[in-house]
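K.L.:
Sharing coords-v3.cif below, mmCIF, C-alpha atoms and all ligand atoms:
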```cif
data_structure
#
loop_
_atom_site.label_atom_id
_atom_site.label_comp_id
_atom_site.auth_asym_id
_atom_site.auth_seq_id
_atom_site.Cartn_x
_atom_site.Cartn_y
_atom_site.Cartn_z
CA MET R 1 -17.26 43.13 -40.02
CA SER R 2 -21.01 43.20 -39.65
CA LEU R 3 -23.85 42.83 -42.11
CA SER R 4 -26.77 45.17 -41.76
CA THR R 5 -30.29 43.96 -42.53
CA ASN R 6 -33.55 45.88 -42.16
CA SER R 7 -33.80 45.70 -38.44
CA ARG R 8 -30.94 43.65 -37.11
CA THR R 9 -27.20 43.53 -37.30
CA ILE R 10 -25.67 40.14 -37.90
CA THR R 11 -22.10 39.89 -36.72
CA LYS R 12 -19.68 37.69 -38.58
CA GLU R 13 -18.82 35.69 -35.46
CA ALA R 14 -21.63 33.18 -34.96
CA PHE R 15 -22.47 32.33 -31.38
CA LEU R 16 -21.95 28.59 -31.21
CA ARG R 17 -22.33 27.61 -27.59
CA THR R 18 -22.80 23.89 -28.24
CA PRO R 19 -22.78 21.62 -31.26
CA ASN R 20 -26.53 21.87 -31.06
CA ASN R 21 -27.09 25.46 -32.02
CA THR R 22 -30.75 25.32 -32.99
CA THR R 23 -32.10 25.63 -29.48
CA ASP R 24 -31.37 28.17 -26.79
CA GLY R 25 -32.49 28.22 -23.17
CA MET R 26 -31.06 26.69 -20.03
CA LEU R 27 -31.92 23.01 -20.17
CA LYS R 28 -29.96 20.09 -21.53
CA LYS R 29 -31.32 19.19 -24.92
CA ALA R 30 -30.75 16.92 -27.87
CA TRP R 31 -32.43 16.43 -31.21
CA ILE R 32 -33.06 12.84 -32.26
CA ILE R 33 -34.65 11.22 -35.31
CA ASP R 34 -37.08 8.45 -34.50
CA ASN R 35 -38.85 6.69 -37.37
CA GLY R 36 -37.97 9.59 -39.63
CA ILE R 37 -39.45 12.21 -37.29
CA ARG R 38 -37.34 14.86 -35.59
CA TYR R 39 -37.84 15.16 -31.84
CA LEU R 40 -36.35 17.40 -29.20
CA LEU R 41 -35.40 15.70 -25.92
CA LYS R 42 -35.24 18.02 -22.92
CA GLY R 43 -34.07 17.22 -19.41
CA GLY R 44 -34.54 19.04 -16.14
CA TYR R 45 -32.51 21.96 -14.82
CA LYS R 46 -29.71 20.76 -12.50
CA GLU R 47 -31.11 18.05 -10.22
CA GLU R 48 -34.72 19.02 -10.75
CA THR R 49 -36.65 16.42 -12.71
CA LEU R 50 -40.11 17.93 -12.57
CA GLN R 51 -39.82 19.91 -15.82
CA PRO R 52 -40.49 16.95 -18.15
CA PHE R 53 -43.59 16.04 -16.15
CA ASN R 54 -44.80 19.62 -16.24
CA GLU R 55 -44.39 19.66 -20.03
CA VAL R 56 -46.52 16.53 -20.29
CA LEU R 57 -49.11 17.93 -17.88
CA ALA R 58 -49.31 21.10 -19.97
CA SER R 59 -49.86 19.01 -23.12
CA GLU R 60 -52.65 17.07 -21.44
CA ILE R 61 -54.36 20.28 -20.27
CA CYS R 62 -54.02 21.88 -23.71
CA LYS R 63 -55.35 18.77 -25.43
CA ARG R 64 -58.42 18.73 -23.19
CA LEU R 65 -59.08 22.47 -23.55
CA GLY R 66 -58.37 22.54 -27.28
CA PHE R 67 -55.32 24.86 -27.09
CA ASN R 68 -52.81 24.63 -29.92
CA HIS R 69 -49.71 23.13 -28.33
CA VAL R 70 -46.55 21.13 -28.80
CA GLU R 71 -47.21 17.56 -27.71
CA TYR R 72 -44.68 16.47 -25.07
CA THR R 73 -44.38 12.90 -23.85
CA ILE R 74 -42.17 11.36 -21.17
CA ASP R 75 -39.16 9.39 -22.28
CA THR R 76 -36.01 8.14 -20.62
CA TYR R 77 -32.46 8.69 -21.73
CA LYS R 78 -29.63 6.96 -19.83
CA ASP R 79 -31.86 6.55 -16.75
CA MET R 80 -32.81 10.21 -16.91
CA VAL R 81 -36.39 11.29 -17.29
CA VAL R 82 -36.70 13.62 -20.27
CA SER R 83 -39.52 15.15 -22.26
CA LYS R 84 -39.83 14.42 -25.95
CA CYS R 85 -41.62 16.61 -28.47
CA PRO R 86 -41.72 16.82 -32.24
CA CYS R 87 -40.12 19.75 -34.02
CA PHE R 88 -42.81 22.38 -34.60
CA ILE R 89 -41.18 24.05 -37.58
CA ASN R 90 -40.22 22.71 -40.99
CA LYS R 91 -38.17 23.83 -43.98
CA ASP R 92 -40.83 26.40 -44.90
CA THR R 93 -41.54 27.87 -41.47
CA GLU R 94 -39.74 29.62 -38.66
CA LEU R 95 -40.45 30.74 -35.12
CA ILE R 96 -40.46 34.50 -34.59
CA THR R 97 -40.44 35.04 -30.86
CA CYS R 98 -42.47 37.69 -29.11
CA SER R 99 -39.17 39.16 -28.03
CA GLN R 100 -38.13 39.68 -31.66
CA ILE R 101 -41.50 41.23 -32.46
CA GLU R 102 -41.38 43.46 -29.39
CA ASN R 103 -37.93 44.72 -30.37
CA THR R 104 -39.57 46.60 -33.20
CA MET R 105 -42.24 48.12 -30.93
CA LYS R 106 -42.50 50.80 -28.31
CA ARG R 107 -42.07 49.48 -24.76
CA TYR R 108 -44.58 50.55 -22.10
CA ASP R 109 -43.87 48.21 -19.14
CA ASN R 110 -47.57 47.82 -18.52
CA LEU R 111 -50.63 46.14 -20.02
CA GLU R 112 -50.17 48.24 -23.13
CA ASP R 113 -47.35 45.90 -24.27
CA TYR R 114 -49.80 43.00 -24.21
CA GLU R 115 -52.51 44.95 -26.04
CA GLU R 116 -50.11 46.25 -28.69
CA TYR R 117 -48.80 42.73 -29.29
CA ILE R 118 -52.32 41.43 -29.88
CA LYS R 119 -53.00 44.33 -32.22
CA LYS R 120 -49.82 43.49 -34.14
CA LEU R 121 -50.88 39.85 -34.53
CA GLU R 122 -54.31 40.93 -35.76
CA GLU R 123 -52.79 43.40 -38.22
CA ASN R 124 -50.70 40.56 -39.60
CA GLY R 125 -53.75 38.44 -40.23
CA ILE R 126 -53.64 36.01 -37.31
CA GLU R 127 -57.19 34.87 -36.61
CA ASN R 128 -58.58 34.91 -33.07
CA ALA R 129 -55.24 36.25 -31.88
CA ARG R 130 -56.62 37.48 -28.57
CA GLU R 131 -58.17 34.15 -27.62
CA LYS R 132 -55.01 32.30 -28.58
CA VAL R 133 -52.79 34.52 -26.44
CA GLU R 134 -55.32 34.33 -23.60
CA ASN R 135 -55.17 30.54 -23.79
CA MET R 136 -51.48 30.71 -22.98
CA TYR R 137 -52.18 32.70 -19.82
CA ILE R 138 -54.93 30.27 -18.83
CA LEU R 139 -52.44 27.42 -19.13
CA ASP R 140 -49.84 29.38 -17.15
CA PHE R 141 -52.40 30.05 -14.42
CA LEU R 142 -53.37 26.38 -14.15
CA ILE R 143 -49.83 25.07 -13.84
CA MET R 144 -48.33 28.23 -12.31
CA ASN R 145 -45.73 28.66 -15.03
CA GLU R 146 -43.12 31.19 -13.94
CA ASP R 147 -41.16 31.25 -17.16
CA ARG R 148 -43.36 32.85 -19.83
CA HIS R 149 -40.71 35.31 -20.89
CA LEU R 150 -40.81 36.75 -24.37
CA ASN R 151 -38.68 34.02 -25.93
CA ASN R 152 -41.09 31.33 -24.81
CA PHE R 153 -43.87 32.24 -27.22
CA GLY R 154 -44.33 33.88 -30.57
CA ILE R 155 -45.62 33.28 -34.04
CA ILE R 156 -44.85 30.97 -36.92
CA ARG R 157 -43.86 32.66 -40.16
CA ASP R 158 -43.60 31.33 -43.70
CA VAL R 159 -39.92 31.69 -44.64
CA ASN R 160 -40.70 32.05 -48.34
CA THR R 161 -43.53 34.57 -48.27
CA LEU R 162 -42.83 36.04 -44.79
CA LYS R 163 -46.56 35.67 -44.09
CA TRP R 164 -47.48 35.26 -40.43
CA ILE R 165 -49.22 31.89 -40.32
CA ASP R 166 -50.41 31.54 -36.74
CA VAL R 167 -49.30 31.89 -33.15
CA ALA R 168 -46.70 29.26 -32.30
CA PRO R 169 -48.05 26.18 -30.55
CA LEU R 170 -47.56 26.46 -26.78
CA PHE R 171 -44.11 25.22 -25.77
CA ASP R 172 -41.66 25.36 -22.85
CA ASN R 173 -44.11 25.03 -19.97
CA GLY R 174 -41.71 23.16 -17.70
CA GLN R 175 -40.92 25.72 -15.04
CA SER R 176 -44.17 25.29 -13.21
CA LEU R 177 -45.65 23.91 -9.98
CA ASN R 178 -42.70 25.36 -8.18
CA ILE R 179 -43.30 24.42 -4.55
CA GLU R 180 -40.94 26.22 -2.21
CA TYR R 181 -41.70 23.90 0.69
CA TYR R 182 -44.62 22.09 2.22
CA ASP R 183 -45.61 20.99 5.68
CA GLU R 184 -48.55 19.08 7.13
CA GLU R 185 -51.03 21.91 6.66
CA GLU R 186 -49.85 24.01 3.77
CA VAL R 187 -48.12 24.12 0.43
CA HIS R 188 -45.94 27.21 0.12
CA ILE R 189 -45.28 28.73 -3.26
CA SER R 190 -43.44 31.95 -3.84
CA GLY R 191 -43.45 32.20 -7.60
CA ASN R 192 -45.06 34.76 -9.82
CA GLY R 193 -46.05 34.60 -13.43
CA ARG R 194 -44.91 36.81 -16.26
CA LEU R 195 -46.97 39.15 -18.38
CA PHE R 196 -44.64 40.66 -20.94
CA TYR R 197 -42.12 42.80 -19.03
CA GLU R 198 -43.93 42.47 -15.72
CA VAL R 199 -43.59 39.79 -13.08
CA LYS R 200 -46.92 39.48 -11.28
CA PRO R 201 -49.04 37.08 -9.20
CA PHE R 202 -50.95 34.56 -11.30
CA ASP R 203 -54.22 35.87 -9.84
CA GLU R 204 -53.44 39.25 -11.40
CA ILE R 205 -52.31 37.98 -14.80
CA ILE R 206 -55.42 35.85 -15.33
CA LYS R 207 -57.45 39.08 -15.39
CA VAL R 208 -56.33 39.66 -18.99
CA VAL R 209 -58.68 36.84 -20.03
CA LYS R 210 -61.85 38.62 -21.06
CA ASN R 211 -64.19 35.65 -21.21
CA ILE R 212 -63.26 32.61 -19.15
CA LYS R 213 -66.69 31.10 -19.79
CA ARG R 214 -65.67 30.16 -23.32
CA ILE R 215 -63.45 27.49 -21.71
CA ASP R 216 -65.13 24.24 -20.68
CA ILE R 217 -63.22 23.67 -17.45
CA SER R 218 -65.10 20.43 -16.77
CA LYS R 219 -62.87 18.93 -19.50
CA LEU R 220 -60.16 18.96 -16.83
CA ASP R 221 -62.08 16.54 -14.61
CA GLY R 222 -59.77 13.64 -13.83
CA VAL R 223 -56.58 15.41 -14.96
CA VAL R 224 -55.23 15.59 -11.41
CA GLU R 225 -55.72 11.83 -10.92
CA TRP R 226 -54.06 11.24 -14.27
CA PHE R 227 -51.03 13.34 -13.24
CA ASP R 228 -50.88 11.56 -9.89
CA GLY R 229 -50.70 8.23 -11.77
CA LEU R 230 -47.98 9.52 -14.10
CA LEU R 231 -45.79 10.74 -11.24
CA HIS R 232 -46.18 7.44 -9.41
CA GLN R 233 -45.30 5.51 -12.54
CA TYR R 234 -41.84 7.13 -12.65
CA GLN R 235 -41.22 7.26 -8.90
CA HIS R 236 -38.45 4.66 -9.20
CA LEU R 237 -36.47 7.11 -11.38
CA THR R 238 -37.37 10.41 -9.75
CA GLY R 239 -37.41 9.33 -6.10
CA TYR R 240 -40.36 11.64 -5.40
CA SER R 241 -42.06 10.86 -2.10
CA ASP R 242 -45.79 10.12 -2.00
CA THR R 243 -46.18 13.35 -0.03
CA ARG R 244 -44.47 15.45 -2.69
CA ILE R 245 -46.64 13.92 -5.40
CA ASN R 246 -49.71 14.58 -3.30
CA ARG R 247 -48.75 18.24 -2.77
CA LEU R 248 -48.18 18.79 -6.50
CA CYS R 249 -51.63 17.36 -7.18
CA VAL R 250 -53.19 19.49 -4.44
CA LEU R 251 -51.69 22.55 -6.10
CA ILE R 252 -53.08 21.84 -9.57
CA ASN R 253 -56.43 20.95 -8.10
CA ALA R 254 -56.51 24.28 -6.28
CA GLN R 255 -55.72 26.18 -9.50
CA ILE R 256 -58.44 24.35 -11.43
CA ASN R 257 -60.96 25.16 -8.70
CA LYS R 258 -59.86 28.80 -8.67
CA LEU R 259 -60.36 29.02 -12.42
CA LYS R 260 -63.84 27.52 -12.05
CA GLU R 261 -64.66 30.14 -9.45
CA LEU R 262 -63.32 32.95 -11.65
CA SER R 263 -65.40 31.61 -14.51
CA LEU R 264 -68.58 31.67 -12.40
CA ASN R 265 -67.97 35.31 -11.46
CA ASN R 266 -66.85 36.35 -14.95
CA ASP R 267 -69.40 38.32 -16.94
N1 LIG O 1 -40.35 21.30 -30.56
C1 LIG O 1 -39.56 22.28 -30.99
N2 LIG O 1 -39.43 22.53 -32.32
C2 LIG O 1 -38.64 23.52 -32.77
N3 LIG O 1 -37.94 24.34 -31.99
C3 LIG O 1 -38.03 24.17 -30.66
C4 LIG O 1 -38.85 23.14 -30.09
N4 LIG O 1 -38.75 23.22 -28.74
C5 LIG O 1 -37.91 24.23 -28.49
N5 LIG O 1 -37.46 24.80 -29.63
C6 LIG O 1 -36.52 25.94 -29.74
O1 LIG O 1 -35.55 25.80 -28.73
C7 LIG O 1 -35.62 26.90 -27.81
C8 LIG O 1 -35.37 26.38 -26.41
O2 LIG O 1 -36.34 25.40 -26.06
P1 LIG O 1 -37.23 25.57 -24.77
O3 LIG O 1 -38.24 24.48 -24.79
O4 LIG O 1 -37.76 26.97 -24.72
O5 LIG O 1 -36.17 25.25 -23.63
P2 LIG O 1 -35.63 26.07 -22.34
O6 LIG O 1 -36.49 25.61 -21.22
O7 LIG O 1 -34.25 25.67 -22.17
O8 LIG O 1 -35.83 27.54 -22.65
C9 LIG O 1 -36.99 27.50 -28.01
O9 LIG O 1 -37.01 28.87 -27.66
C10 LIG O 1 -37.21 27.29 -29.49
O10 LIG O 1 -36.51 28.26 -30.23
MG MG O 2 -37.42 28.50 -23.38
#
```
Starting from the file, give its structure as structure tokens.
Ligand SMILES: Nc1ncnc2c1ncn2[C@@H]1O[C@H](COP(=O)(O)OP(=O)(O)O)[C@@H](O)[C@H]1O
Ligand SMILES: [Mg+2]
P.N.:
Amino acid sequence: MSLSTNSRTITKEAFLRTPNNTTDGMLKKAWIIDNGIRYLLKGGYKEETLQPFNEVLASEICKRLGFNHVEYTIDTYKDMVVSKCPCFINKDTELITCSQIENTMKRYDNLEDYEEYIKKLEENGIENAREKVENMYILDFLIMNEDRHLNNFGIIRDVNTLKWIDVAPLFDNGQSLNIEYYDEEEVHISGNGRLFYEVKPFDEIIKVVKNIKRIDISKLDGVVEWFDGLLHQYQHLTGYSDTRINRLCVLINAQINKLKELSLNND
């Protein structure tokens, strides 16, 4: 038996992959309640432990640049490094992912998907929708996030009135700074970013940002040193070599400098 609603079909058989059915995605997760507040703990994928640090780096960047984001901190769980973030919805709100919104729209497989999405947000009363979506791609550029698929962003909706409240705070930024290998001279990265249905180099995707000058990139001064300190602080748990930490920092520094350059030439 299946129940038909306006746009979706809900089958009777619920898909319960784990006892924790309120999150999807690939990473190990658990909800905890700490001092009455609900938090999501998220580990790394397989043996990779960088994701939690990337989440925290993304939060730091967003905080400095004034981007609406989910605040991730580092925590440990049974000797594992995990990220910890508060739940960003409550009993009156829900996340509607871009993927769910796009399902109701025509698919172009080009920049039109991005433009139509922004138009849809504006039509539904979300203020400064373009800037807010651009901010996400600025963050992705800075940390080289390869995982901005359509379930990793969206909007927050009021469950009672169905009003679109705002874009969802930026979340799931962990699959970033993906170094393939490094040697004495170079850091090699192979990854691309995602712009809706397209997988493209970060240097291409950042072109959607119309006015980079509205961002005060000098607010990122010192962020690389801060990240270097954070990675060293947890070295006893992660086993990262000094060289690996250095290469990660070199990579972020290079992206920040590239953004500064783009900003200078942006008119
Ligand atoms: N802080 C949070 N509050 C509420 N829901 C969340 C939160 N973080 C994640 N989720 C939900 O869980 C899903 C999976 O989490 P995500 O961080 O995207 O992990 P993964 O890297 O495994 O995709 C998200 O798509 C979202 O629906
Ligand atoms: Mg996700």
K.L.:
Measuring atom to atom with all atoms listed in the file, identify which of R:Asn110, R:Ser83, R:Thr97, R:Asn54 is nearest to Ala30 in chain R.
P.N.:
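Checking each of R:Asn110, R:Ser83, R:Thr97, R:Asn54 against Ala30 in chain R, counting all atoms listed in the file, the winner is R:Ser83.
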K.L.:
Return the single residue from R:Val187, R:Val167, R:Cys98, R:Leu142 that is closest to ligand MG 2 (chain O), with distances computed using only C-alpha atoms and all ligand atoms.
P.N.:
R:Cys98
K.L.:
Please, what distance in Å, to one decimal, runs between CA of Lys63 in chain R and CA of Leu139 in chain R?
P.N.:
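According to the coordinates, CA of Lys63 in chain R and CA of Leu139 in chain R are separated by 11.1 Å.
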K.L.:
Given all atoms listed in the file, how would the per-residue table for chain R near ligand LIG 1 (chain O) read, listing every residue at most 10 Å away with its closest atom pair and distance in Å to one decimal, sorted by chain and number, as JSON lines?
P.N.:
```
{"residue": "R:Asn21", "atom": "CA", "partner": "O:LIG1", "partner_atom": "O1", "distance": 9.1}
{"residue": "R:Thr22", "atom": "CA", "partner": "O:LIG1", "partner_atom": "O1", "distance": 6.4}
{"residue": "R:Thr23", "atom": "CA", "partner": "O:LIG1", "partner_atom": "O1", "distance": 3.5}
{"residue": "R:Asp24", "atom": "CA", "partner": "O:LIG1", "partner_atom": "C8", "distance": 4.4}
{"residue": "R:Gly25", "atom": "CA", "partner": "O:LIG1", "partner_atom": "O7", "distance": 3.3}
{"residue": "R:Met26", "atom": "CA", "partner": "O:LIG1", "partner_atom": "O7", "distance": 4.0}
{"residue": "R:Leu27", "atom": "CA", "partner": "O:LIG1", "partner_atom": "O7", "distance": 4.1}
{"residue": "R:Lys28", "atom": "CA", "partner": "O:LIG1", "partner_atom": "O7", "distance": 7.1}
{"residue": "R:Lys29", "atom": "CA", "partner": "O:LIG1", "partner_atom": "O7", "distance": 7.6}
{"residue": "R:Trp31", "atom": "CA", "partner": "O:LIG1", "partner_atom": "C1", "distance": 9.2}
{"residue": "R:Arg38", "atom": "CA", "partner": "O:LIG1", "partner_atom": "N2", "distance": 8.6}
{"residue": "R:Tyr39", "atom": "CA", "partner": "O:LIG1", "partner_atom": "N1", "distance": 6.8}
{"residue": "R:Leu40", "atom": "CA", "partner": "O:LIG1", "partner_atom": "N1", "distance": 5.7}
{"residue": "R:Leu41", "atom": "CA", "partner": "O:LIG1", "partner_atom": "N4", "distance": 8.7}
{"residue": "R:Lys42", "atom": "CA", "partner": "O:LIG1", "partner_atom": "O5", "distance": 7.3}
{"residue": "R:Gly43", "atom": "CA", "partner": "O:LIG1", "partner_atom": "O7", "distance": 8.9}
{"residue": "R:Gly44", "atom": "CA", "partner": "O:LIG1", "partner_atom": "O6", "distance": 8.5}
{"residue": "R:Tyr45", "atom": "CA", "partner": "O:LIG1", "partner_atom": "O6", "distance": 8.4}
{"residue": "R:Gln51", "atom": "CA", "partner": "O:LIG1", "partner_atom": "O6", "distance": 8.5}
{"residue": "R:Glu55", "atom": "CA", "partner": "O:LIG1", "partner_atom": "O3", "distance": 9.1}
{"residue": "R:His69", "atom": "CA", "partner": "O:LIG1", "partner_atom": "N1", "distance": 9.8}
{"residue": "R:Val70", "atom": "CA", "partner": "O:LIG1", "partner_atom": "N1", "distance": 6.4}
{"residue": "R:Glu71", "atom": "CA", "partner": "O:LIG1", "partner_atom": "N1", "distance": 8.3}
{"residue": "R:Tyr72", "atom": "CA", "partner": "O:LIG1", "partner_atom": "N1", "distance": 8.5}
{"residue": "R:Ser83", "atom": "CA", "partner": "O:LIG1", "partner_atom": "O3", "distance": 9.8}
{"residue": "R:Lys84", "atom": "CA", "partner": "O:LIG1", "partner_atom": "N1", "distance": 8.3}
{"residue": "R:Cys85", "atom": "CA", "partner": "O:LIG1", "partner_atom": "N1", "distance": 5.3}
{"residue": "R:Pro86", "atom": "CA", "partner": "O:LIG1", "partner_atom": "N1", "distance": 5.0}
{"residue": "R:Cys87", "atom": "CA", "partner": "O:LIG1", "partner_atom": "N2", "distance": 3.3}
{"residue": "R:Phe88", "atom": "CA", "partner": "O:LIG1", "partner_atom": "N2", "distance": 4.1}
{"residue": "R:Ile89", "atom": "CA", "partner": "O:LIG1", "partner_atom": "C2", "distance": 5.5}
{"residue": "R:Asn90", "atom": "CA", "partner": "O:LIG1", "partner_atom": "C2", "distance": 8.4}
{"residue": "R:Glu94", "atom": "CA", "partner": "O:LIG1", "partner_atom": "C2", "distance": 8.6}
{"residue": "R:Leu95", "atom": "CA", "partner": "O:LIG1", "partner_atom": "O10", "distance": 6.8}
{"residue": "R:Ile96", "atom": "CA", "partner": "O:LIG1", "partner_atom": "O10", "distance": 8.6}
{"residue": "R:Thr97", "atom": "CA", "partner": "O:LIG1", "partner_atom": "O9", "distance": 7.8}
{"residue": "R:Asp147", "atom": "CA", "partner": "O:LIG1", "partner_atom": "O6", "distance": 8.4}
{"residue": "R:Arg148", "atom": "CA", "partner": "O:LIG1", "partner_atom": "O4", "distance": 9.5}
{"residue": "R:His149", "atom": "CA", "partner": "O:LIG1", "partner_atom": "O8", "distance": 9.3}
{"residue": "R:Leu150", "atom": "CA", "partner": "O:LIG1", "partner_atom": "O9", "distance": 9.3}
{"residue": "R:Asn151", "atom": "CA", "partner": "O:LIG1", "partner_atom": "O9", "distance": 5.7}
{"residue": "R:Asn152", "atom": "CA", "partner": "O:LIG1", "partner_atom": "O4", "distance": 5.5}
{"residue": "R:Phe153", "atom": "CA", "partner": "O:LIG1", "partner_atom": "O9", "distance": 7.7}
{"residue": "R:Gly154", "atom": "CA", "partner": "O:LIG1", "partner_atom": "O9", "distance": 9.3}
{"residue": "R:Ala168", "atom": "CA", "partner": "O:LIG1", "partner_atom": "C2", "distance": 9.9}
{"residue": "R:Pro169", "atom": "CA", "partner": "O:LIG1", "partner_atom": "N1", "distance": 9.1}
{"residue": "R:Leu170", "atom": "CA", "partner": "O:LIG1", "partner_atom": "N4", "distance": 9.6}
{"residue": "R:Phe171", "atom": "CA", "partner": "O:LIG1", "partner_atom": "O3", "distance": 6.0}
{"residue": "R:Asp172", "atom": "CA", "partner": "O:LIG1", "partner_atom": "O3", "distance": 4.0}
{"residue": "R:Asn173", "atom": "CA", "partner": "O:LIG1", "partner_atom": "O3", "distance": 7.6}
{"residue": "R:Gly174", "atom": "CA", "partner": "O:LIG1", "partner_atom": "O6", "distance": 6.8}
{"residue": "R:Gln175", "atom": "CA", "partner": "O:LIG1", "partner_atom": "O6", "distance": 7.6}
```
K.L.:
In Å, rounded to a single decimal, give me how far CA of Ile252 in chain R is from CA of Glu134 in chain R.
P.N.:
18.9 Å
K.L.:
Using all atoms listed in the file, which protein or nucleic acid residues come within 9 Å of Leu251 in chain R? Drop anything in the same chain fewer than 6 positions from it, and give the result as a ChimeraX atom specification.
P.N.:
/R:143,177,179,187
K.L.:
Quick one, how far is CA of Thr238 in chain R from CA of Met80 in chain R?
P.N.:
8.5 Å
K.L.:
In terms of the shortest atom-to-atom distance over all atoms listed in the file, which of R:Asn160, R:Thr76, R:Ser99, R:Ser218 is closest to Phe53 in chain R?
P.N.:
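Using all atoms listed in the file, the shortest distance to Phe53 in chain R belongs to R:Thr76.
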K.L.:
Which residues come within 7 Å of range 199-205 of chain R, counting all atoms listed in the file, excluding same-chain residues fewer than 5 positions away, as a list in words?
P.N.:
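The residues satisfying every condition are Phe141, Met144, Asn192, Gly193 and Arg194 of chain R.
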K.L.:
Have a look at R:Val81, R:Ile138, R:Leu121, R:Glu146 and name the one nearest to ligand MG 2 (chain O); count all atoms listed in the file.
P.N.:
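Checking each candidate against ligand MG 2 (chain O), we get R:Glu146 as the closest.
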K.L.:
Kindly indicate which residue among R:Ala129, R:Leu248, R:Ile256, R:Val56 lies nearest to Glu180 in chain R, using all atoms listed in the file for the distances.
P.N.:
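Of the candidates, the smallest distance to Glu180 in chain R is held by R:Leu248.
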